[in-house]
Each structure stands twice: as C-alpha cells, then as structure tokens.
>>> print(open('work_21.cif').read())   # mmCIF, C-alpha atoms and all ligand atoms
data_run
#
loop_
_atom_site.label_atom_id
_atom_site.label_comp_id
_atom_site.auth_asym_id
_atom_site.auth_seq_id
_atom_site.Cartn_x
_atom_site.Cartn_y
_atom_site.Cartn_z
CA MET H 1 212.35 85.04 -152.60
CA GLU H 2 211.35 82.55 -155.25
CA LEU H 3 207.67 82.31 -156.19
CA LYS H 4 207.44 78.68 -155.02
CA GLU H 5 208.66 79.76 -151.57
CA ALA H 6 206.05 82.54 -151.33
CA ILE H 7 203.31 80.10 -152.37
CA LYS H 8 204.30 77.65 -149.63
CA LEU H 9 204.82 80.28 -146.95
CA ARG H 10 201.60 82.30 -147.30
CA ARG H 11 199.24 81.88 -144.36
CA SER H 12 196.41 84.03 -143.01
CA ALA H 13 197.54 86.62 -140.47
CA ARG H 14 194.95 87.74 -137.92
CA THR H 15 197.28 89.75 -135.68
CA PHE H 16 199.85 92.29 -136.80
CA GLU H 17 202.77 94.31 -135.47
CA SER H 18 201.97 98.00 -134.93
CA LYS H 19 204.76 98.93 -137.40
CA PRO H 20 203.29 100.89 -140.32
CA VAL H 21 203.43 99.45 -143.83
CA GLU H 22 205.32 101.49 -146.41
CA ARG H 23 203.12 102.83 -149.21
CA GLU H 24 205.68 101.58 -151.75
CA LYS H 25 205.03 98.05 -150.48
CA VAL H 26 201.27 98.47 -150.78
CA GLU H 27 201.77 99.78 -154.29
CA GLU H 28 203.98 96.79 -155.12
CA MET H 29 201.18 94.46 -153.94
CA LEU H 30 198.65 96.29 -156.12
CA ARG H 31 201.04 96.19 -159.08
CA ALA H 32 201.10 92.38 -158.68
CA ALA H 33 197.29 92.29 -158.42
CA MET H 34 196.91 94.21 -161.67
CA GLN H 35 199.09 91.69 -163.53
CA ALA H 36 196.38 89.01 -163.12
CA PRO H 37 194.52 87.41 -166.01
CA SER H 38 190.88 88.38 -166.48
CA ALA H 39 188.01 87.42 -168.76
CA HIS H 40 188.23 89.43 -172.00
CA ASN H 41 191.11 91.22 -170.27
CA GLN H 42 188.45 93.36 -168.57
CA GLN H 43 190.53 94.07 -165.43
CA PRO H 44 187.46 95.03 -163.36
CA TRP H 45 189.44 95.68 -160.16
CA GLU H 46 189.96 98.88 -158.18
CA PHE H 47 191.38 99.24 -154.69
CA LEU H 48 190.53 101.46 -151.73
CA VAL H 49 193.52 101.62 -149.37
CA VAL H 50 192.47 102.37 -145.79
CA GLU H 51 195.02 103.53 -143.20
CA ASN H 52 192.72 105.51 -140.89
CA PRO H 53 192.32 103.48 -137.66
CA ASP H 54 188.72 104.68 -137.12
CA LYS H 55 187.75 103.54 -140.61
CA LEU H 56 189.52 100.22 -140.11
CA LYS H 57 187.60 99.76 -136.84
CA GLU H 58 184.30 100.51 -138.61
CA LEU H 59 185.06 98.03 -141.40
CA SER H 60 186.10 95.41 -138.84
CA GLU H 61 182.48 95.33 -137.71
CA LEU H 62 181.15 94.30 -141.14
CA HIS H 63 180.60 90.69 -140.06
CA LYS H 64 181.76 88.37 -137.33
CA TYR H 65 184.91 87.24 -139.14
CA THR H 66 186.23 90.70 -140.04
CA ALA H 67 187.43 91.65 -136.53
CA PRO H 68 191.19 91.28 -137.37
CA LEU H 69 190.96 94.41 -139.52
CA ALA H 70 190.79 96.57 -136.40
CA GLY H 71 194.34 95.56 -135.48
CA ALA H 72 195.87 95.95 -138.93
CA PRO H 73 197.84 99.03 -140.02
CA VAL H 74 196.41 98.82 -143.54
CA GLY H 75 193.18 97.54 -145.03
CA ILE H 76 192.65 97.07 -148.73
CA VAL H 77 189.04 97.09 -149.86
CA VAL H 78 189.08 95.30 -153.18
CA LEU H 79 186.48 96.72 -155.53
CA MET H 80 184.79 95.93 -158.82
CA ASN H 81 183.75 98.78 -161.10
CA ARG H 82 180.79 97.74 -163.27
CA LYS H 83 181.79 100.32 -165.89
CA ARG H 84 184.88 98.19 -166.59
CA LEU H 85 182.92 94.98 -167.21
CA LYS H 86 182.76 93.43 -170.66
CA VAL H 87 181.27 90.17 -169.37
CA GLU H 88 179.44 90.20 -166.06
CA ALA H 89 179.71 86.49 -165.22
CA PHE H 90 183.43 86.24 -164.57
CA TRP H 91 184.24 89.28 -162.43
CA GLN H 92 184.65 87.38 -159.17
CA GLN H 93 187.08 84.97 -160.82
CA ASP H 94 189.05 87.88 -162.29
CA ILE H 95 189.38 89.52 -158.92
CA SER H 96 190.20 86.27 -157.13
CA ALA H 97 193.19 85.86 -159.45
CA ALA H 98 194.26 89.43 -158.69
CA VAL H 99 194.03 89.08 -154.91
CA GLN H 100 196.04 85.85 -154.90
CA ASN H 101 198.82 87.67 -156.79
CA MET H 102 198.55 90.48 -154.25
CA MET H 103 198.84 88.15 -151.26
CA LEU H 104 201.83 86.28 -152.69
CA GLN H 105 203.59 89.57 -153.41
CA ALA H 106 202.94 90.55 -149.77
CA VAL H 107 204.76 87.41 -148.56
CA ASP H 108 207.76 88.37 -150.69
CA LEU H 109 207.72 91.83 -149.08
CA GLY H 110 207.73 90.34 -145.57
CA LEU H 111 204.06 91.11 -144.97
CA GLY H 112 201.10 89.09 -143.74
CA THR H 113 197.59 89.33 -145.18
CA LEU H 114 194.08 88.18 -144.40
CA TRP H 115 191.30 87.75 -146.97
CA MET H 116 187.86 88.47 -145.51
CA GLY H 117 185.02 87.50 -147.81
CA VAL H 118 182.31 89.98 -148.82
CA ALA H 119 181.03 89.06 -152.33
CA PRO H 120 178.79 87.35 -153.29
CA LYS H 121 176.84 87.91 -150.05
CA GLU H 122 174.54 90.78 -150.96
CA GLU H 123 173.98 91.80 -147.35
CA TYR H 124 177.73 92.29 -146.79
CA MET H 125 178.24 93.91 -150.20
CA GLY H 126 175.51 96.46 -149.45
CA LYS H 127 176.81 97.26 -145.98
CA ALA H 128 180.43 97.52 -147.12
CA LYS H 129 179.46 99.73 -150.05
CA GLU H 130 177.72 102.10 -147.68
CA MET H 131 180.62 102.13 -145.18
CA CYS H 132 183.04 103.00 -148.00
CA GLN H 133 180.65 105.55 -149.57
CA LEU H 134 181.09 104.07 -153.01
CA PRO H 135 179.39 105.26 -156.19
CA GLU H 136 176.51 103.25 -157.69
CA ASP H 137 178.66 101.32 -160.19
CA VAL H 138 181.26 100.15 -157.68
CA GLU H 139 180.92 97.01 -155.52
CA VAL H 140 183.03 95.52 -152.75
CA PHE H 141 184.63 92.16 -153.55
CA GLY H 142 186.46 91.61 -150.26
CA LEU H 143 188.39 93.13 -147.38
CA PHE H 144 192.10 92.48 -146.91
CA ALA H 145 194.12 93.16 -143.80
CA VAL H 146 197.82 93.86 -144.38
CA GLY H 147 200.66 94.27 -141.92
CA TYR H 148 203.93 92.97 -140.60
CA SER H 149 203.38 89.57 -139.08
CA ASP H 150 205.25 86.36 -138.34
CA LYS H 151 202.34 84.17 -139.41
CA ASN H 152 203.69 83.15 -142.83
CA ARG H 153 205.03 79.63 -142.45
CA VAL H 154 205.00 76.44 -144.46
CA LYS H 155 202.05 74.09 -144.15
CA ASP H 156 202.13 71.39 -146.81
CA ARG H 157 198.63 70.60 -148.04
CA PHE H 158 199.59 68.46 -151.00
CA ASP H 159 197.23 65.50 -151.31
CA ALA H 160 197.88 63.16 -154.23
CA SER H 161 194.36 61.68 -153.92
CA ARG H 162 192.89 64.97 -155.23
CA ILE H 163 194.54 64.46 -158.60
CA HIS H 164 192.75 62.41 -161.24
CA TRP H 165 195.13 61.56 -164.04
CA GLY H 166 193.20 60.93 -167.24
CA SER H 167 189.92 59.68 -165.71
CA TYR H 168 187.97 60.01 -162.45
CA SER H 169 187.90 56.58 -160.79
C1 LIG H 201 186.81 83.72 -149.92
C2 LIG H 201 187.51 83.70 -148.59
C3 LIG H 201 186.91 84.32 -147.52
C4 LIG H 201 187.55 84.31 -146.26
N1 LIG H 201 186.96 85.01 -145.25
C5 LIG H 201 187.60 85.07 -144.05
C6 LIG H 201 187.06 85.87 -143.00
O1 LIG H 201 186.03 86.52 -143.15
N2 LIG H 201 187.75 85.93 -141.83
C7 LIG H 201 188.90 85.22 -141.63
O2 LIG H 201 189.46 85.30 -140.52
N3 LIG H 201 189.44 84.45 -142.62
C8 LIG H 201 188.83 84.38 -143.82
N4 LIG H 201 189.41 83.66 -144.85
C9 LIG H 201 190.70 82.98 -144.64
C10 LIG H 201 190.56 81.47 -144.50
O3 LIG H 201 189.96 81.15 -143.27
C11 LIG H 201 191.96 80.83 -144.63
O4 LIG H 201 192.52 81.15 -145.87
C12 LIG H 201 191.92 79.31 -144.49
O5 LIG H 201 191.52 78.94 -143.19
C13 LIG H 201 193.27 78.65 -144.79
O6 LIG H 201 194.28 79.16 -143.94
P1 LIG H 201 195.59 79.89 -144.51
O7 LIG H 201 195.13 81.13 -145.26
O8 LIG H 201 196.40 80.25 -143.28
O9 LIG H 201 196.32 78.97 -145.43
C14 LIG H 201 188.80 83.65 -146.10
C15 LIG H 201 189.40 83.04 -147.21
C16 LIG H 201 188.78 83.09 -148.45
C17 LIG H 201 189.48 82.48 -149.64
#
>>> encode(input="work_21.cif", output="structure tokens", more="lines below")
Ligand SMILES: Cc1cc2nc3c(=O)[nH]c(=O)nc-3n(C[C@H](O)[C@H](O)[C@H](O)COP(=O)(O)O)c2cc1C
Amino acid sequence: MELKEAIKLRRSARTFESKPVEREKVEEMLRAAMQAPSAHNQQPWEFLVVENPDKLKELSELHKYTAPLAGAPVGIVVLMNRKRLKVEAFWQQDISAAVQNMMLQAVDLGLGTLWMGVAPKEEYMGKAKEMCQLPEDVEVFGLFAVGYSDKNRVKDRFDASRIHWGSYS
C-alpha cells in the first residue's frame, strides 16, 4: 500500500475481530513508531504490549472513553521514560509523531487502531501508571487498541479554507 493510501484510509476502530494479531505485525508497528523525529533526537518512547485479556479489561476502565480496549486482542501502552529526556518540553510532541507512524503502519498491515488519550491529564497518568506498575521515571502517554477491523475507510477532510497562503486574511 502506498503511504498516501494509508493516510486516507486510517480511521478509529472501536470494535475488533477476535482474531489474534501476529507479534511480527506489532513489532512492525513499533519499528515505524521508532522512526519518528524527536526533539534533540531524544526518542523518549517505550512501549508496553498487553495481550492478557484481564489486563486489557482493567485498562479499559481507566476513563469513560477507554472501553474499546476490553474488546481488542492487543493494547499498546505508549510510555515516556524520563531518563531518556534531553529536553522536557517536547516529549508529548515526540511521542505524538511516533504514534501516528505506528497507526499508519497498522493500516498497511490490515489492522485497525484506536488512540485513547492519557497525557497530559495527571489523574489518568497516575492511575494508568499504577495499573501498569511502572517505575518512578516512566509515564503513560496514551493507550492504543490494536486488532483486525474493517473500520479503515476513506473520509476526505480536506478543507481549503484552513490554508493561509502567505498571510492570514
Ligand atoms: C489525543 C487523542 C485522544 C483520543 N482519545 C480517545 C478516547 O479516549 N476514546 C476514543 O474512543 N477515541 C479517542 N480518540 C480518537 C478520536 O475520537 C478520533 O481520532 C476522531 O474522532 C477522528 O476520527 P478518526 O480517527 O476515525 O479519523 C482520541 C484521539 C486523539 C488524537
């Protein structure tokens, strides 16, 4: 699949087939994530891959929009390790770039994904950190559901009025 096709096709999947996801595919997604740009090339990301249905159920109760995780074969908890930071301010931007790569790679592999926000809400970050039993220096950026799904389909959102060529008027 060409990149432009994956970009157009990607949509949020909130239901998934029960078919398991091959670990090689998850690794391919994480390989794409780790290719992302980051401030000072700090690459602050780490990933906790969750396949245990009980753990997925527990994580699905983090907040009221995380329920789809309970029905996914794989969850990826995207993490930030403070020990990897060279410049604190940009870590959420670094990891956002990584997760977009990850989600586009998933489309190419025939998979659906859902991004469920955690950072910067401290309440969610604290709860998720506890649920995942993370060390002091590691924080949760977001939860991602991954699985086979037929939700990826084109929805054109192009809006020429959002583009300001040369000046804003
Ligand atoms: C930072 C962020 C947090 C999000 N959190 C949730 C969430 O908690 N639960 C959910 O169902 N969708 C969540 N979404 C998905 C958005 O609702 C979805 O991307 C948006 O409605 C556009 O739909 P699309 O992904 O199908 O193009 C989140 C997306 C982003 C970027």
>>> residues_around(input="work_21.cif", residues="range 86-95 of chain H", least_positions_apart="4", cutoff="7 Å", atoms="all atoms listed in the file", output="list in words")
Pro37, Ser38, Ala39, His40, Gln42, Pro44, Trp45 and Val99 of chain H
>>> closest_residue(input="work_21.cif", among="H:Glu24, H:Asp156, H:Glu46, H:Asp108", to="ligand LIG 201 (chain H)", atoms="all atoms listed in the file")
H:Asp156
>>> closest_atom_pairs(input="work_21.cif", of="chain H", to="ligand LIG 201 (chain H)", cutoff="10 Å", atoms="only C-alpha atoms and all ligand atoms", output="JSON lines")
{"residue": "H:Ile7", "atom": "CA", "partner": "H:LIG201", "partner_atom": "O9", "distance": 9.9}
{"residue": "H:Lys8", "atom": "CA", "partner": "H:LIG201", "partner_atom": "O9", "distance": 9.1}
{"residue": "H:Leu9", "atom": "CA", "partner": "H:LIG201", "partner_atom": "O9", "distance": 8.7}
{"residue": "H:Arg10", "atom": "CA", "partner": "H:LIG201", "partner_atom": "O9", "distance": 6.5}
{"residue": "H:Arg11", "atom": "CA", "partner": "H:LIG201", "partner_atom": "O8", "distance": 3.4}
{"residue": "H:Ser12", "atom": "CA", "partner": "H:LIG201", "partner_atom": "O8", "distance": 3.8}
{"residue": "H:Ala13", "atom": "CA", "partner": "H:LIG201", "partner_atom": "O8", "distance": 7.1}
{"residue": "H:Arg14", "atom": "CA", "partner": "H:LIG201", "partner_atom": "O2", "distance": 6.5}
{"residue": "H:Ser60", "atom": "CA", "partner": "H:LIG201", "partner_atom": "O1", "distance": 9.9}
{"residue": "H:Leu62", "atom": "CA", "partner": "H:LIG201", "partner_atom": "O1", "distance": 9.4}
{"residue": "H:His63", "atom": "CA", "partner": "H:LIG201", "partner_atom": "O1", "distance": 7.5}
{"residue": "H:Lys64", "atom": "CA", "partner": "H:LIG201", "partner_atom": "O1", "distance": 7.5}
{"residue": "H:Tyr65", "atom": "CA", "partner": "H:LIG201", "partner_atom": "N2", "distance": 4.1}
{"residue": "H:Thr66", "atom": "CA", "partner": "H:LIG201", "partner_atom": "O1", "distance": 5.2}
{"residue": "H:Ala67", "atom": "CA", "partner": "H:LIG201", "partner_atom": "O2", "distance": 7.8}
{"residue": "H:Pro68", "atom": "CA", "partner": "H:LIG201", "partner_atom": "O2", "distance": 7.0}
{"residue": "H:Leu69", "atom": "CA", "partner": "H:LIG201", "partner_atom": "O2", "distance": 9.3}
{"residue": "H:Ser96", "atom": "CA", "partner": "H:LIG201", "partner_atom": "C1", "distance": 8.4}
{"residue": "H:Val99", "atom": "CA", "partner": "H:LIG201", "partner_atom": "C17", "distance": 9.6}
{"residue": "H:Gln100", "atom": "CA", "partner": "H:LIG201", "partner_atom": "C17", "distance": 9.1}
{"residue": "H:Met103", "atom": "CA", "partner": "H:LIG201", "partner_atom": "O7", "distance": 10.0}
{"residue": "H:Thr113", "atom": "CA", "partner": "H:LIG201", "partner_atom": "O7", "distance": 8.6}
{"residue": "H:Leu114", "atom": "CA", "partner": "H:LIG201", "partner_atom": "C9", "distance": 6.2}
{"residue": "H:Trp115", "atom": "CA", "partner": "H:LIG201", "partner_atom": "C14", "distance": 4.9}
{"residue": "H:Met116", "atom": "CA", "partner": "H:LIG201", "partner_atom": "O1", "distance": 3.6}
{"residue": "H:Gly117", "atom": "CA", "partner": "H:LIG201", "partner_atom": "C3", "distance": 3.7}
{"residue": "H:Val118", "atom": "CA", "partner": "H:LIG201", "partner_atom": "C3", "distance": 7.4}
{"residue": "H:Ala119", "atom": "CA", "partner": "H:LIG201", "partner_atom": "C1", "distance": 8.2}
{"residue": "H:Pro120", "atom": "CA", "partner": "H:LIG201", "partner_atom": "C1", "distance": 9.4}
{"residue": "H:Phe141", "atom": "CA", "partner": "H:LIG201", "partner_atom": "C1", "distance": 9.4}
{"residue": "H:Gly142", "atom": "CA", "partner": "H:LIG201", "partner_atom": "C3", "distance": 7.8}
{"residue": "H:Leu143", "atom": "CA", "partner": "H:LIG201", "partner_atom": "O1", "distance": 8.2}
{"residue": "H:Phe144", "atom": "CA", "partner": "H:LIG201", "partner_atom": "C5", "distance": 9.1}
{"residue": "H:Ala145", "atom": "CA", "partner": "H:LIG201", "partner_atom": "O2", "distance": 9.7}
{"residue": "H:Lys151", "atom": "CA", "partner": "H:LIG201", "partner_atom": "O8", "distance": 8.1}
{"residue": "H:Asn152", "atom": "CA", "partner": "H:LIG201", "partner_atom": "O8", "distance": 7.9}
{"residue": "H:Arg153", "atom": "CA", "partner": "H:LIG201", "partner_atom": "O8", "distance": 8.7}
{"residue": "H:Val154", "atom": "CA", "partner": "H:LIG201", "partner_atom": "O9", "distance": 9.1}
{"residue": "H:Lys155", "atom": "CA", "partner": "H:LIG201", "partner_atom": "O9", "distance": 7.6}
{"residue": "H:Asp156", "atom": "CA", "partner": "H:LIG201", "partner_atom": "O9", "distance": 9.6}
{"residue": "H:Arg157", "atom": "CA", "partner": "H:LIG201", "partner_atom": "O9", "distance": 9.1}
>>> write_last_selection(input="work_21.cif", atoms="C-alpha atoms", output="compact mmCIF listing (two decimals), in the frame of the given file")
# COMPACT_ATOMS: atom_id res chain seq x y z
CA ILE H 7 203.31 80.10 -152.37
CA LYS H 8 204.30 77.65 -149.63
CA LEU H 9 204.82 80.28 -146.95
CA ARG H 10 201.60 82.30 -147.30
CA ARG H 11 199.24 81.88 -144.36
CA SER H 12 196.41 84.03 -143.01
CA ALA H 13 197.54 86.62 -140.47
CA ARG H 14 194.95 87.74 -137.92
CA SER H 60 186.10 95.41 -138.84
CA LEU H 62 181.15 94.30 -141.14
CA HIS H 63 180.60 90.69 -140.06
CA LYS H 64 181.76 88.37 -137.33
CA TYR H 65 184.91 87.24 -139.14
CA THR H 66 186.23 90.70 -140.04
CA ALA H 67 187.43 91.65 -136.53
CA PRO H 68 191.19 91.28 -137.37
CA LEU H 69 190.96 94.41 -139.52
CA SER H 96 190.20 86.27 -157.13
CA VAL H 99 194.03 89.08 -154.91
CA GLN H 100 196.04 85.85 -154.90
CA MET H 103 198.84 88.15 -151.26
CA THR H 113 197.59 89.33 -145.18
CA LEU H 114 194.08 88.18 -144.40
CA TRP H 115 191.30 87.75 -146.97
CA MET H 116 187.86 88.47 -145.51
CA GLY H 117 185.02 87.50 -147.81
CA VAL H 118 182.31 89.98 -148.82
CA ALA H 119 181.03 89.06 -152.33
CA PRO H 120 178.79 87.35 -153.29
CA PHE H 141 184.63 92.16 -153.55
CA GLY H 142 186.46 91.61 -150.26
CA LEU H 143 188.39 93.13 -147.38
CA PHE H 144 192.10 92.48 -146.91
CA ALA H 145 194.12 93.16 -143.80
CA LYS H 151 202.34 84.17 -139.41
CA ASN H 152 203.69 83.15 -142.83
CA ARG H 153 205.03 79.63 -142.45
CA VAL H 154 205.00 76.44 -144.46
CA LYS H 155 202.05 74.09 -144.15
CA ASP H 156 202.13 71.39 -146.81
CA ARG H 157 198.63 70.60 -148.04
>>> atom_distance(input="work_21.cif", atom1="CA of Val74 in chain H", atom2="CA of Asp150 in chain H")
16.1 Å
>>> residues_near_point(input="work_21.cif", point="(215.5, 84.1, -152.0)", cutoff="12 Å", atoms="all atoms listed in the file", output="list of chain:residue names")
H:Met1, H:Glu2, H:Leu3, H:Lys4, H:Glu5, H:Ala6, H:Val107, H:Asp108, H:Leu109, H:Gly110
>>> write_last_selection(input="work_21.cif", atoms="C-alpha atoms", output="CSV table (one decimal), in the coordinates of the input")
chain,number,residue,atom,x,y,z
H,1,MET,CA,212.4,85.0,-152.6
H,2,GLU,CA,211.4,82.6,-155.2
H,3,LEU,CA,207.7,82.3,-156.2
H,4,LYS,CA,207.4,78.7,-155.0
H,5,GLU,CA,208.7,79.8,-151.6
H,6,ALA,CA,206.0,82.5,-151.3
H,107,VAL,CA,204.8,87.4,-148.6
H,108,ASP,CA,207.8,88.4,-150.7
H,109,LEU,CA,207.7,91.8,-149.1
H,110,GLY,CA,207.7,90.3,-145.6
>>> closest_residue(input="work_21.cif", among="H:Met131, H:Lys83, H:Glu122, H:Met102", to="Asp54 in chain H", atoms="only C-alpha atoms")
H:Met131
>>> atom_distance(input="work_21.cif", atom1="CA of Lys57 in chain H", atom2="CA of Glu139 in chain H")
20.0 Å
>>> closest_residue(input="work_21.cif", among="H:Ala72, H:Leu104, H:Ala128, H:Val49", to="Val146 in chain H", atoms="only C-alpha atoms")
H:Ala72
>>> closest_residue(input="work_21.cif", among="H:Lys19, H:Val140, H:Ile163, H:Gln105", to="Lys121 in chain H", atoms="only C-alpha atoms")
H:Val140
>>> atom_distance(input="work_21.cif", atom1="CA of Gln35 in chain H", atom2="CA of Val78 in chain H")
14.8 Å
>>> closest_residue(input="work_21.cif", among="H:Asp159, H:Ala106, H:Lys129, H:Ser149", to="Val77 in chain H", atoms="all atoms listed in the file")
H:Lys129
>>> closest_residue(input="work_21.cif", among="H:Gly147, H:Gln43, H:Arg31, H:Leu111", to="Ala70 in chain H", atoms="all atoms listed in the file")
H:Gly147
>>> axis_aligned_box(input="work_21.cif", around="range 126-139 of chain H", padding_each_side="5 Å", output="lines of an AutoDock Vina configuration file")
center_x = 179.3
center_y = 101.0
center_z = -152.7
size_x = 17.5
size_y = 19.1
size_z = 25.0
>>> residues_around(input="work_21.cif", residues="Asp137 in chain H", least_positions_apart="5", cutoff="9 Å", atoms="only C-alpha atoms", output="number ranges by chain")
H: 80-83
>>> decode(input="work_21.cif", residues="range 130-154 of chain H", atoms="N, CA and C atoms", output="PDB file, in the first residue's frame")
ATOM      1  N   GLU H 130      -0.101   3.338  37.784  1.00  0.00           N
ATOM      2  CA  GLU H 130      -0.320   2.356  38.845  1.00  0.00           C
ATOM      3  C   GLU H 130      -0.788   1.021  38.258  1.00  0.00           C
ATOM      4  N   MET H 131      -1.775   1.098  37.353  1.00  0.00           N
ATOM      5  CA  MET H 131      -2.306  -0.127  36.728  1.00  0.00           C
ATOM      6  C   MET H 131      -1.199  -0.923  36.030  1.00  0.00           C
ATOM      7  N   CYS H 132      -0.253  -0.198  35.428  1.00  0.00           N
ATOM      8  CA  CYS H 132       0.816  -0.862  34.667  1.00  0.00           C
ATOM      9  C   CYS H 132       2.047  -1.139  35.530  1.00  0.00           C
ATOM     10  N   GLN H 133       1.995  -0.761  36.791  1.00  0.00           N
ATOM     11  CA  GLN H 133       3.096  -0.977  37.743  1.00  0.00           C
ATOM     12  C   GLN H 133       4.431  -0.497  37.162  1.00  0.00           C
ATOM     13  N   LEU H 134       4.430   0.769  36.792  1.00  0.00           N
ATOM     14  CA  LEU H 134       5.613   1.333  36.142  1.00  0.00           C
ATOM     15  C   LEU H 134       6.576   1.916  37.165  1.00  0.00           C
ATOM     16  N   PRO H 135       7.878   1.922  36.837  1.00  0.00           N
ATOM     17  CA  PRO H 135       8.838   2.573  37.731  1.00  0.00           C
ATOM     18  C   PRO H 135       8.640   4.086  37.762  1.00  0.00           C
ATOM     19  N   GLU H 136       9.226   4.720  38.769  1.00  0.00           N
ATOM     20  CA  GLU H 136       9.085   6.155  39.008  1.00  0.00           C
ATOM     21  C   GLU H 136       9.310   7.028  37.755  1.00  0.00           C
ATOM     22  N   ASP H 137      10.332   6.706  36.983  1.00  0.00           N
ATOM     23  CA  ASP H 137      10.717   7.562  35.853  1.00  0.00           C
ATOM     24  C   ASP H 137       9.875   7.376  34.595  1.00  0.00           C
ATOM     25  N   VAL H 138       8.934   6.459  34.628  1.00  0.00           N
ATOM     26  CA  VAL H 138       8.189   6.132  33.408  1.00  0.00           C
ATOM     27  C   VAL H 138       6.738   6.595  33.526  1.00  0.00           C
ATOM     28  N   GLU H 139       6.261   7.298  32.478  1.00  0.00           N
ATOM     29  CA  GLU H 139       4.892   7.829  32.472  1.00  0.00           C
ATOM     30  C   GLU H 139       4.123   7.263  31.284  1.00  0.00           C
ATOM     31  N   VAL H 140       2.793   7.234  31.425  1.00  0.00           N
ATOM     32  CA  VAL H 140       1.948   6.775  30.328  1.00  0.00           C
ATOM     33  C   VAL H 140       1.558   7.971  29.461  1.00  0.00           C
ATOM     34  N   PHE H 141       1.821   7.845  28.164  1.00  0.00           N
ATOM     35  CA  PHE H 141       1.394   8.868  27.199  1.00  0.00           C
ATOM     36  C   PHE H 141      -0.038   8.600  26.735  1.00  0.00           C
ATOM     37  N   GLY H 142      -0.306   7.354  26.351  1.00  0.00           N
ATOM     38  CA  GLY H 142      -1.645   7.031  25.830  1.00  0.00           C
ATOM     39  C   GLY H 142      -1.839   5.535  25.712  1.00  0.00           C
ATOM     40  N   LEU H 143      -3.090   5.141  25.529  1.00  0.00           N
ATOM     41  CA  LEU H 143      -3.431   3.729  25.329  1.00  0.00           C
ATOM     42  C   LEU H 143      -3.855   3.553  23.877  1.00  0.00           C
ATOM     43  N   PHE H 144      -3.446   2.444  23.284  1.00  0.00           N
ATOM     44  CA  PHE H 144      -3.793   2.175  21.886  1.00  0.00           C
ATOM     45  C   PHE H 144      -4.359   0.771  21.772  1.00  0.00           C
ATOM     46  N   ALA H 145      -5.551   0.675  21.206  1.00  0.00           N
ATOM     47  CA  ALA H 145      -6.138  -0.625  20.921  1.00  0.00           C
ATOM     48  C   ALA H 145      -5.730  -1.001  19.505  1.00  0.00           C
ATOM     49  N   VAL H 146      -5.423  -2.283  19.314  1.00  0.00           N
ATOM     50  CA  VAL H 146      -4.991  -2.776  18.001  1.00  0.00           C
ATOM     51  C   VAL H 146      -5.690  -4.094  17.709  1.00  0.00           C
ATOM     52  N   GLY H 147      -6.177  -4.236  16.487  1.00  0.00           N
ATOM     53  CA  GLY H 147      -6.787  -5.517  16.114  1.00  0.00           C
ATOM     54  C   GLY H 147      -7.262  -5.487  14.682  1.00  0.00           C
ATOM     55  N   TYR H 148      -7.659  -6.664  14.204  1.00  0.00           N
ATOM     56  CA  TYR H 148      -8.233  -6.703  12.856  1.00  0.00           C
ATOM     57  C   TYR H 148      -9.599  -6.038  12.902  1.00  0.00           C
ATOM     58  N   SER H 149      -9.859  -5.208  11.897  1.00  0.00           N
ATOM     59  CA  SER H 149     -11.094  -4.447  11.885  1.00  0.00           C
ATOM     60  C   SER H 149     -11.370  -4.006  10.449  1.00  0.00           C
ATOM     61  N   ASP H 150     -12.631  -3.727  10.168  1.00  0.00           N
ATOM     62  CA  ASP H 150     -12.942  -3.239   8.814  1.00  0.00           C
ATOM     63  C   ASP H 150     -13.275  -1.752   8.844  1.00  0.00           C
ATOM     64  N   LYS H 151     -12.779  -1.082   9.909  1.00  0.00           N
ATOM     65  CA  LYS H 151     -13.160   0.327  10.083  1.00  0.00           C
ATOM     66  C   LYS H 151     -12.359   1.307   9.229  1.00  0.00           C
ATOM     67  N   ASN H 152     -11.185   0.878   8.729  1.00  0.00           N
ATOM     68  CA  ASN H 152     -10.386   1.817   7.934  1.00  0.00           C
ATOM     69  C   ASN H 152     -11.071   2.089   6.603  1.00  0.00           C
ATOM     70  N   ARG H 153     -11.485   3.301   6.407  1.00  0.00           N
ATOM     71  CA  ARG H 153     -12.089   3.677   5.118  1.00  0.00           C
ATOM     72  C   ARG H 153     -11.913   5.182   4.889  1.00  0.00           C
ATOM     73  N   VAL H 154     -11.955   5.558   3.638  1.00  0.00           N
ATOM     74  CA  VAL H 154     -11.623   6.944   3.291  1.00  0.00           C
ATOM     75  C   VAL H 154     -12.703   7.919   3.738  1.00  0.00           C
TER      76      VAL H 154
END
